[in-house]
file coords.txt (compact mmCIF, C-alpha atoms)
# COMPACT_ATOMS: atom_id res chain seq x y z
CA MET A 1 -119.26 11.12 65.53
CA LYS A 2 -117.66 12.13 68.80
CA ARG A 3 -115.24 15.02 68.71
CA LYS A 4 -111.59 14.32 69.37
CA ALA A 5 -109.86 16.11 72.21
CA LEU A 6 -107.05 18.31 70.91
CA ILE A 7 -103.75 17.80 72.68
CA ILE A 8 -101.57 20.89 72.43
CA PRO A 9 -98.17 20.85 74.13
CA CYS A 10 -96.05 23.98 74.38
CA SER A 11 -93.03 24.18 72.10
CA GLY A 12 -90.71 24.63 75.07
CA ILE A 13 -87.21 24.31 73.69
CA GLY A 14 -84.96 25.61 76.43
CA LYS A 15 -86.33 23.75 79.43
CA THR A 16 -86.57 20.09 80.30
CA TYR A 17 -90.24 20.49 81.26
CA GLY A 18 -90.98 21.52 77.67
CA SER A 19 -89.58 18.19 76.51
CA VAL A 20 -91.72 16.38 79.07
CA ALA A 21 -94.80 18.20 77.73
CA ARG A 22 -93.94 17.17 74.17
CA GLU A 23 -93.20 13.54 75.06
CA GLY A 24 -96.34 13.30 77.21
CA ALA A 25 -98.42 14.55 74.28
CA TYR A 26 -96.95 11.86 72.02
CA ILE A 27 -97.69 9.14 74.58
CA VAL A 28 -101.34 10.20 74.78
CA THR A 29 -101.94 10.67 71.07
CA GLU A 30 -99.96 7.66 69.81
CA ASP A 31 -100.11 5.08 72.61
CA LEU A 32 -102.87 5.71 75.13
CA ARG A 33 -105.76 7.45 73.35
CA PRO A 34 -104.95 7.50 69.62
CA LYS A 35 -108.60 7.26 68.56
CA SER A 36 -110.00 9.99 70.78
CA THR A 37 -107.24 12.61 70.57
CA GLN A 38 -105.48 14.72 67.98
CA LEU A 39 -102.07 16.37 68.33
CA VAL A 40 -102.06 20.00 67.22
CA PRO A 41 -98.76 21.78 66.55
CA LEU A 42 -98.68 25.05 68.47
CA ALA A 43 -96.65 26.83 65.77
CA LEU A 44 -99.60 26.51 63.38
CA VAL A 45 -101.91 27.99 66.01
CA VAL A 46 -99.48 30.89 66.49
CA LEU A 47 -99.53 31.54 62.78
CA GLY A 48 -103.33 31.55 62.64
CA ASP A 49 -103.47 28.66 60.15
CA GLN A 50 -107.08 28.57 58.92
CA GLU A 51 -107.48 24.80 59.01
CA VAL A 52 -106.12 24.63 62.54
CA GLN A 53 -108.39 27.46 63.66
CA GLN A 54 -111.41 25.56 62.36
CA THR A 55 -110.24 22.50 64.25
CA LEU A 56 -109.79 24.58 67.39
CA ALA A 57 -113.24 26.06 67.07
CA GLY A 58 -114.88 22.65 66.89
CA SER A 59 -113.19 20.64 69.62
CA PRO A 60 -112.14 20.93 73.27
CA ALA A 61 -108.42 21.39 73.84
CA ILE A 62 -106.07 20.19 76.52
CA ALA A 63 -103.06 22.49 76.76
CA ILE A 64 -99.85 21.15 78.29
CA ASP A 65 -97.31 23.75 79.33
CA GLY A 66 -93.72 23.35 80.42
CA CYS A 67 -93.41 26.63 82.30
CA LYS A 68 -95.49 29.22 84.06
CA LEU A 69 -95.65 31.41 80.97
CA ALA A 70 -98.32 28.97 79.76
CA CYS A 71 -97.84 29.69 76.06
CA ALA A 72 -99.99 26.78 74.92
CA ALA A 73 -103.01 27.66 77.05
CA LYS A 74 -102.73 31.38 76.26
CA VAL A 75 -102.25 30.97 72.52
CA VAL A 76 -105.12 28.48 72.20
CA ALA A 77 -107.45 30.79 74.13
CA GLU A 78 -106.37 33.84 72.11
CA SER A 79 -106.96 31.90 68.91
CA GLY A 80 -110.57 31.22 69.80
CA GLY A 81 -110.12 27.68 71.08
CA THR A 82 -111.79 26.19 74.12
CA VAL A 83 -109.21 25.22 76.72
CA ALA A 84 -111.06 22.44 78.51
CA HIS A 85 -108.03 21.74 80.70
CA ALA A 86 -104.69 23.50 81.13
CA LEU A 87 -101.92 21.40 82.65
CA GLN A 88 -98.53 22.48 83.91
CA VAL A 89 -95.77 19.87 83.87
CA LEU A 90 -94.41 21.36 87.08
CA ASP A 91 -97.67 20.52 88.86
CA VAL A 92 -97.41 16.92 87.71
CA TYR A 93 -93.81 16.84 88.92
CA ARG A 94 -94.97 18.10 92.34
CA ARG A 95 -97.19 15.01 92.53
CA HIS A 96 -94.28 12.77 91.49
CA ARG A 97 -91.22 14.28 93.14
CA GLU A 98 -89.32 11.04 92.75
CA LEU A 99 -89.26 11.62 88.96
CA LYS A 100 -86.80 14.47 88.47
CA PRO A 101 -86.46 15.10 84.75
CA ALA A 102 -83.18 16.09 83.11
CA GLY A 103 -82.10 16.67 79.53
CA ILE A 104 -83.85 18.53 76.76
CA ALA A 105 -82.87 16.88 73.49
CA GLU A 106 -83.03 13.54 75.25
CA LEU A 107 -84.95 13.07 78.47
CA ASN A 108 -83.47 10.90 81.21
CA ALA A 109 -85.36 7.83 82.46
CA ALA A 110 -87.10 9.83 85.19
CA GLY A 111 -88.16 12.39 82.60
CA GLN A 112 -89.66 9.64 80.45
CA GLN A 113 -91.54 8.29 83.46
CA LEU A 114 -92.76 11.77 84.33
CA ALA A 115 -94.00 12.12 80.74
CA LYS A 116 -95.90 8.84 81.19
CA ALA A 117 -97.41 10.10 84.46
CA LEU A 118 -98.42 13.30 82.69
CA ALA A 119 -99.91 11.27 79.83
CA ASP A 120 -101.92 9.18 82.30
CA GLU A 121 -103.39 12.36 83.80
CA VAL A 122 -104.20 13.72 80.35
CA SER A 123 -105.82 10.42 79.35
CA GLY A 124 -108.09 10.67 82.39
CA LEU A 125 -109.12 14.15 81.30
CA VAL A 126 -109.74 12.90 77.75
CA ASP A 127 -112.00 10.17 79.13
CA GLY A 128 -113.84 12.77 81.20
CA ILE A 129 -114.46 14.90 78.13
CA ALA A 130 -115.69 11.86 76.20
CA ALA A 131 -118.05 10.88 79.02
CA GLU A 132 -119.49 14.39 79.15
CA GLU A 133 -120.08 14.37 75.42
CA THR A 134 -121.78 10.98 75.58
CA SER A 135 -124.13 12.05 78.34
CA ALA A 136 -124.92 15.42 76.72
CA MET B 1 -72.65 47.44 87.08
CA PRO B 2 -75.47 46.24 84.83
CA GLU B 3 -74.29 44.00 82.05
CA LEU B 4 -75.58 44.44 78.54
CA PRO B 5 -76.31 41.18 76.78
CA LYS B 6 -73.44 40.20 74.51
CA ARG B 7 -74.23 40.36 70.81
CA LYS B 8 -75.59 36.94 69.92
CA VAL B 9 -77.62 35.33 67.20
CA GLY B 10 -81.22 34.36 68.00
CA LEU B 11 -82.53 30.97 66.91
CA VAL B 12 -86.24 30.36 66.50
CA SER B 13 -87.26 26.81 65.68
CA CYS B 14 -90.77 25.80 64.61
CA SER B 15 -90.52 22.61 66.71
CA GLY B 16 -93.45 21.23 64.64
CA GLU B 17 -94.83 18.45 66.77
CA GLU B 18 -96.63 16.53 64.05
CA MET B 19 -93.79 15.82 61.62
CA ALA B 20 -90.27 14.42 61.75
CA GLU B 21 -88.91 17.58 60.13
CA GLY B 22 -90.21 19.58 63.11
CA THR B 23 -88.25 17.37 65.46
CA VAL B 24 -85.21 17.86 63.24
CA THR B 25 -85.51 21.66 63.70
CA ARG B 26 -85.76 21.27 67.44
CA LEU B 27 -82.81 18.90 67.83
CA ALA B 28 -80.61 20.83 65.39
CA THR B 29 -81.31 24.08 67.24
CA LEU B 30 -80.52 22.42 70.55
CA LYS B 31 -77.28 21.01 69.15
CA VAL B 32 -76.15 24.50 68.16
CA LEU B 33 -77.22 25.98 71.50
CA GLU B 34 -75.64 23.22 73.56
CA SER B 35 -72.47 22.31 71.75
CA LEU B 36 -71.70 23.95 68.41
CA ARG B 37 -72.13 27.65 69.29
CA PRO B 38 -73.23 27.83 72.94
CA ASP B 39 -71.71 31.26 73.60
CA GLU B 40 -72.96 32.87 70.42
CA THR B 41 -76.59 31.81 70.31
CA VAL B 42 -79.79 32.24 72.26
CA THR B 43 -83.32 30.98 71.69
CA ILE B 44 -86.91 31.75 72.49
CA CYS B 45 -90.03 29.64 72.12
CA LEU B 46 -92.00 30.75 69.05
CA PRO B 47 -95.40 30.87 70.86
CA LEU B 48 -94.03 33.41 73.32
CA PHE B 49 -94.17 36.06 70.61
CA LEU B 50 -97.94 35.80 70.97
CA ALA B 51 -98.24 34.81 74.62
CA GLY B 52 -95.48 37.00 76.04
CA GLY B 53 -94.90 40.68 76.55
CA GLU B 54 -93.28 43.51 74.59
CA GLY B 55 -89.82 42.48 75.77
CA ASP B 56 -90.31 39.02 74.29
CA ARG B 57 -91.61 40.44 71.03
CA ALA B 58 -88.46 42.57 70.80
CA PHE B 59 -86.37 39.39 70.48
CA ALA B 60 -85.76 39.51 66.71
CA ARG B 61 -85.23 43.27 66.80
CA PHE B 62 -82.54 42.76 69.40
CA TYR B 63 -80.84 39.66 68.06
CA PRO B 64 -80.22 38.96 64.38
CA THR B 65 -82.40 35.88 64.11
CA ILE B 66 -82.31 32.64 62.14
CA ALA B 67 -85.65 30.88 61.63
CA ILE B 68 -85.47 27.10 61.42
CA ASP B 69 -88.54 25.53 59.86
CA GLY B 70 -89.53 21.97 59.10
CA CYS B 71 -91.72 22.59 56.08
CA GLU B 72 -92.79 25.11 53.50
CA LYS B 73 -95.43 26.57 55.85
CA ARG B 74 -92.44 28.30 57.48
CA CYS B 75 -94.24 28.97 60.78
CA ALA B 76 -91.06 30.10 62.55
CA ALA B 77 -90.01 32.55 59.84
CA ARG B 78 -93.48 33.95 59.29
CA GLY B 79 -94.40 34.01 62.97
CA THR B 80 -91.16 35.77 63.89
CA GLU B 81 -91.69 38.38 61.20
CA MET B 82 -95.34 38.83 62.13
CA TYR B 83 -94.80 39.39 65.84
CA SER B 84 -91.18 40.52 66.23
CA SER B 85 -89.05 41.32 63.20
CA LYS B 86 -87.97 39.70 59.96
CA PRO B 87 -85.36 36.96 60.52
CA VAL B 88 -82.07 37.63 58.80
CA ALA B 89 -81.79 34.04 57.63
CA GLY B 90 -84.05 31.05 57.23
CA ILE B 91 -83.52 27.32 56.92
CA VAL B 92 -86.22 24.88 55.82
CA VAL B 93 -85.47 21.23 56.59
CA ASN B 94 -87.37 19.68 53.71
CA GLU B 95 -85.49 21.94 51.30
CA LEU B 96 -82.05 21.33 52.83
CA CYS B 97 -82.60 17.59 53.37
CA PRO B 98 -85.42 16.50 51.07
CA ALA B 99 -86.89 13.18 52.16
CA GLY B 100 -90.01 11.18 51.43
CA ALA B 101 -92.68 10.45 54.01
CA GLY B 102 -91.26 8.43 56.88
CA GLU B 103 -87.69 8.51 55.62
CA LEU B 104 -86.47 10.57 58.59
CA GLY B 105 -88.35 8.46 61.12
CA THR B 106 -91.31 9.84 63.08
CA ALA B 107 -91.84 13.10 64.93
CA ARG B 108 -91.36 11.15 68.15
CA ARG B 109 -88.31 9.13 67.17
CA LEU B 110 -85.95 10.05 64.35
CA ASN B 111 -84.07 7.27 62.61
CA GLU B 112 -80.48 7.36 61.36
CA ALA B 113 -81.40 9.48 58.34
CA GLY B 114 -83.29 11.83 60.64
CA MET B 115 -80.26 12.23 62.89
CA ALA B 116 -78.09 12.87 59.83
CA ALA B 117 -80.54 15.63 58.90
CA VAL B 118 -80.17 17.06 62.42
CA ASN B 119 -76.40 17.24 61.93
CA ALA B 120 -76.74 18.83 58.48
CA VAL B 121 -79.21 21.46 59.69
CA ALA B 122 -77.12 22.20 62.79
CA ALA B 123 -74.04 22.71 60.61
CA GLU B 124 -76.00 25.07 58.38
CA ILE B 125 -77.22 27.06 61.40
CA ALA B 126 -73.64 27.31 62.71
CA ARG B 127 -72.47 28.51 59.29
CA HIS B 128 -75.06 31.29 59.37
CA VAL B 129 -74.10 32.20 62.96
CA ASP B 130 -70.44 32.55 61.99
CA ARG B 131 -71.34 34.64 58.97
CA LEU B 132 -73.59 36.95 60.99
CA LEU B 133 -71.09 37.45 63.80
CA GLY B 134 -68.13 37.69 61.46
CA THR B 135 -66.34 34.79 63.15
CA ARG B 136 -64.02 32.35 61.45
CA ARG B 137 -63.49 28.89 62.76
CA ASP B 138 -60.13 27.19 62.54
CA ARG B 139 -61.22 23.58 62.61
CA SER B 140 -57.68 22.20 62.75
CA ARG B 141 -57.18 23.94 66.11
CA ASP B 142 -60.81 23.75 67.24
CA GLU B 143 -60.66 27.47 67.81
CA TYR B 144 -62.25 30.45 66.25
CA THR B 145 -61.38 34.10 66.00
CA VAL B 146 -63.67 37.00 66.68
CA GLY B 147 -61.88 39.81 64.94
CA GLY B 148 -59.06 39.41 67.42
CA PRO B 149 -57.21 36.79 69.41
CA ALA B 150 -58.26 33.18 69.09
CA VAL B 151 -60.86 31.98 71.59
CA LYS B 152 -60.90 28.37 72.75
CA GLU B 153 -64.19 26.56 72.18
CA LYS B 154 -66.13 26.15 75.40
CA VAL B 155 -67.15 22.85 76.89
CA PRO B 156 -70.67 21.99 75.70
CA GLY B 157 -73.30 23.35 78.07
CA VAL B 158 -77.02 23.10 78.53
CA ALA B 159 -79.30 25.14 76.31
CA THR B 160 -81.35 27.80 78.00
CA CYS B 161 -84.03 30.00 76.56
CA SER B 162 -84.80 33.68 76.78
CA CYS B 163 -88.46 32.99 77.44
CA GLY B 164 -89.83 35.53 79.85
CA SER B 165 -86.54 37.30 80.36
CA GLY B 166 -87.59 40.00 77.92
CA ILE B 167 -85.41 42.77 76.60
CA PRO B 168 -85.78 46.13 78.35
CA VAL B 169 -86.92 48.92 76.09
CA LYS B 170 -87.57 52.64 76.52
CA VAL B 171 -89.57 54.89 74.26
CA LEU B 172 -88.07 58.26 73.30
CA GLU B 173 -89.53 60.97 71.15
CA ILE B 174 -87.21 61.57 68.22
CA ASP B 175 -88.12 64.05 65.52
CA GLY B 176 -91.76 64.00 66.63
CA ARG B 177 -91.96 60.17 66.50
CA LYS B 178 -92.17 57.69 69.35
CA VAL B 179 -89.16 55.37 68.97
CA GLU B 180 -88.69 52.20 71.00
CA ILE B 181 -85.02 51.85 71.90
CA LEU B 182 -83.84 48.40 72.86
CA ALA B 183 -81.62 48.02 75.94
CA LEU B 184 -81.71 51.75 76.72
CA PRO B 185 -82.66 51.28 80.41
CA LEU B 186 -79.54 49.16 80.91
CA ILE B 187 -77.36 51.57 78.97
CA LEU B 188 -78.53 54.58 80.99
CA GLU B 189 -77.80 52.80 84.25
CA MET B 190 -74.43 51.55 83.01
CA PHE B 191 -73.37 55.09 82.10
CA ARG B 192 -74.64 56.52 85.40
CA GLN B 193 -72.78 53.93 87.43
CA ALA B 194 -69.63 54.77 85.47
CA ALA B 195 -70.15 58.38 86.68
CA LYS B 196 -70.20 59.75 83.17
CA PRO B 197 -71.24 63.40 83.12
CA ALA B 198 -74.33 64.48 81.19
CA VAL B 199 -72.40 66.28 78.48
CA ASP B 200 -72.22 66.20 74.70
CA ALA B 201 -69.30 63.74 74.58
CA THR B 202 -71.23 61.26 76.74
CA ALA B 203 -74.26 61.50 74.45
CA ALA B 204 -71.99 60.70 71.50
CA GLU B 205 -70.57 57.69 73.34
CA MET B 206 -74.07 56.54 74.29
CA LEU B 207 -75.16 56.79 70.68
CA GLU B 208 -72.48 54.28 69.72
CA THR B 209 -73.57 51.87 72.47
CA VAL B 210 -77.22 52.24 71.48
CA ARG B 211 -76.26 51.55 67.86
CA LEU B 212 -75.09 48.05 68.83
CA TYR B 213 -78.67 47.03 69.57
CA ASN B 214 -80.73 49.34 67.38
CA ARG B 215 -80.84 50.41 63.76
CA ILE B 216 -80.39 54.17 63.56
CA PRO B 217 -81.87 55.49 60.30
CA GLU B 218 -79.40 57.21 58.03
CA GLY B 219 -79.21 60.95 58.66
CA GLU B 220 -80.84 60.71 62.11
CA GLU B 221 -77.68 60.35 64.21
CA ALA B 222 -77.74 63.95 65.42
CA LEU B 223 -81.39 63.71 66.44
CA TRP B 224 -80.79 60.44 68.29
CA LYS B 225 -77.76 61.90 70.04
CA LEU B 226 -79.78 64.90 71.15
CA ALA B 227 -82.62 62.73 72.46
CA LEU B 228 -80.21 60.40 74.26
CA GLY B 229 -78.38 63.34 75.84
CA ARG B 230 -81.66 64.79 77.14
CA GLU B 231 -82.82 61.42 78.43
CA TYR B 232 -79.53 60.78 80.20
CA ALA B 233 -79.56 64.20 81.89
CA SER B 234 -83.12 63.62 83.03
CA TYR B 235 -82.28 60.07 84.21
CA CYS B 236 -79.30 61.27 86.27
CA ALA B 237 -81.40 64.05 87.85
CA GLU B 238 -84.17 61.59 88.78
CA VAL B 239 -81.82 59.03 90.28
CA ARG B 240 -79.95 61.66 92.25
call {"tool": "encode", "arguments": {"input": "coords.txt", "output": "structure tokens"}}
result
Amino acid sequence: MKRKALIIPCSGIGKTYGSVAREGAYIVTEDLRPKSTQLVPLALVVLGDQEVQQTLAGSPAIAIDGCKLACAAKVVAESGGTVAHALQVLDVYRRHRELKPAGIAELNAAGQQLAKALADEVSGLVDGIAAEETSA
Amino acid sequence: MPELPKRKVGLVSCSGEEMAEGTVTRLATLKVLESLRPDETVTICLPLFLAGGEGDRAFARFYPTIAIDGCEKRCAARGTEMYSSKPVAGIVVNELCPAGAGELGTARRLNEAGMAAVNAVAAEIARHVDRLLGTRRDRSRDEYTVGGPAVKEKVPGVATCSCGSGIPVKVLEIDGRKVEILALPLILEMFRQAAKPAVDATAAEMLETVRLYNRIPEGEEALWKLALGREYASYCAEVR
């Protein structure tokens, strides 16, 4: 059985980019690649939850961060996970400057579209990981 | 003149991405930060306790903190205690608003019951904030008092986080122990800019300011005052 890619967004609560990271992760894991991905809550990784650590040890992770502090990528790496790809929402925004996100509790329309653009990028990375595993 | 952060209450939400209750914690925390108690609360992302620096890990030692968790795993409460300091209060959504699977909606989209849970949790957070700050709200006038004249409620703002801002600390040797004192760099500079002389009375005044942000063990006031006085004299000499 092929391993699922772990999608781990940051828990960014005070910045709109954190909400984009969260929404993008939902789009990938629920809509675009539900069979080949698994959402992992970062709080459980922070706490060192044993089950989550076993999951981290066995599968590649894609970390999605809302700010340059890169909590998701750092915490996954420190917890023994393999960060196959680390994405910053700000980088995705730089590629889609027409989609200026606003709102935290509720993203505006541009924020939702930016989350979709982010999710498309993540889906491409998920496919890349799957292809590598198939050819290995 | 450097400004010391106003005494506020810290909110740490688990934000659990995989369950509706996690979304409830996130939205309830945001509601308090943005509209219910915007001037009295501050937040930090839980993972920053692990990914950030010492200043970030000082968060719960600096602010009395409320942990808001979605489930009995209590990641926010336990994580805050593990990496920063024990929260002074904790709220668990599935204890405050028990609901069966799917009754609150999904993690991505809460339903009406989920939004009602957000309001209930936000109200509970606000109640704790008022208790911790000793404020009383007069709902009939939409005002609250802070041990003095009534203050008009502010227009709802946008939540911001303390991520990466850190809290400046300085280590002093007190009674042969290394003690980390929160906000001391700011306090030293504030006193220097006020041209306060490095004398005993200033050390006593500084002790009271330091006490706002740090717990001074019983019976150690004189030792702290002595250490602060020495540090301030040395700081003024260096800056001069």
call {"tool": "atom_distance", "arguments": {"input": "coords.txt", "atom1": "atom CA of Arg127 of chain B", "atom2": "atom CA of Arg7 of chain B"}}
result
16.6 Å
call {"tool": "interface_residues", "arguments": {"input": "coords.txt", "of": "chain A", "to": "chain B", "cutoff": "9 Å", "atoms": "only C-alpha atoms", "output": "PyMOL selection string"}}
result
chain A and resi 9-15+22-23+26+39-47+69-75+78+103-105
call {"tool": "residues_around", "arguments": {"input": "coords.txt", "residues": "Phe59 of chain B", "least_positions_apart": "2", "cutoff": "9 Å", "atoms": "all atoms listed in the file", "output": "PyMOL selection string"}}
result
chain B and resi 10+44+49+55-57+61-65+80+84-85+162+166-167
call {"tool": "atom_distance", "arguments": {"input": "coords.txt", "atom1": "atom CA of Glu106 of chain A", "atom2": "atom CA of Ser36 of chain A"}}
result
27.6 Å
call {"tool": "atom_distance", "arguments": {"input": "coords.txt", "atom1": "atom CA of Leu125 of chain A", "atom2": "atom CA of Ile62 of chain A"}}
result
8.3 Å
call {"tool": "residues_around", "arguments": {"input": "coords.txt", "residues": "Cys67 of chain A", "least_positions_apart": "6", "cutoff": "8 Å", "atoms": "only C-alpha atoms", "output": "PyMOL selection string"}}
result
chain A and resi 12+17-18+88-90
call {"tool": "residues_around", "arguments": {"input": "coords.txt", "residues": "segment 197-209 of chain B", "least_positions_apart": "3", "cutoff": "12 Å", "atoms": "all atoms listed in the file", "output": "NGL selection string"}}
result
:B and (4-7 or 181-194 or 212-216 or 220-237)
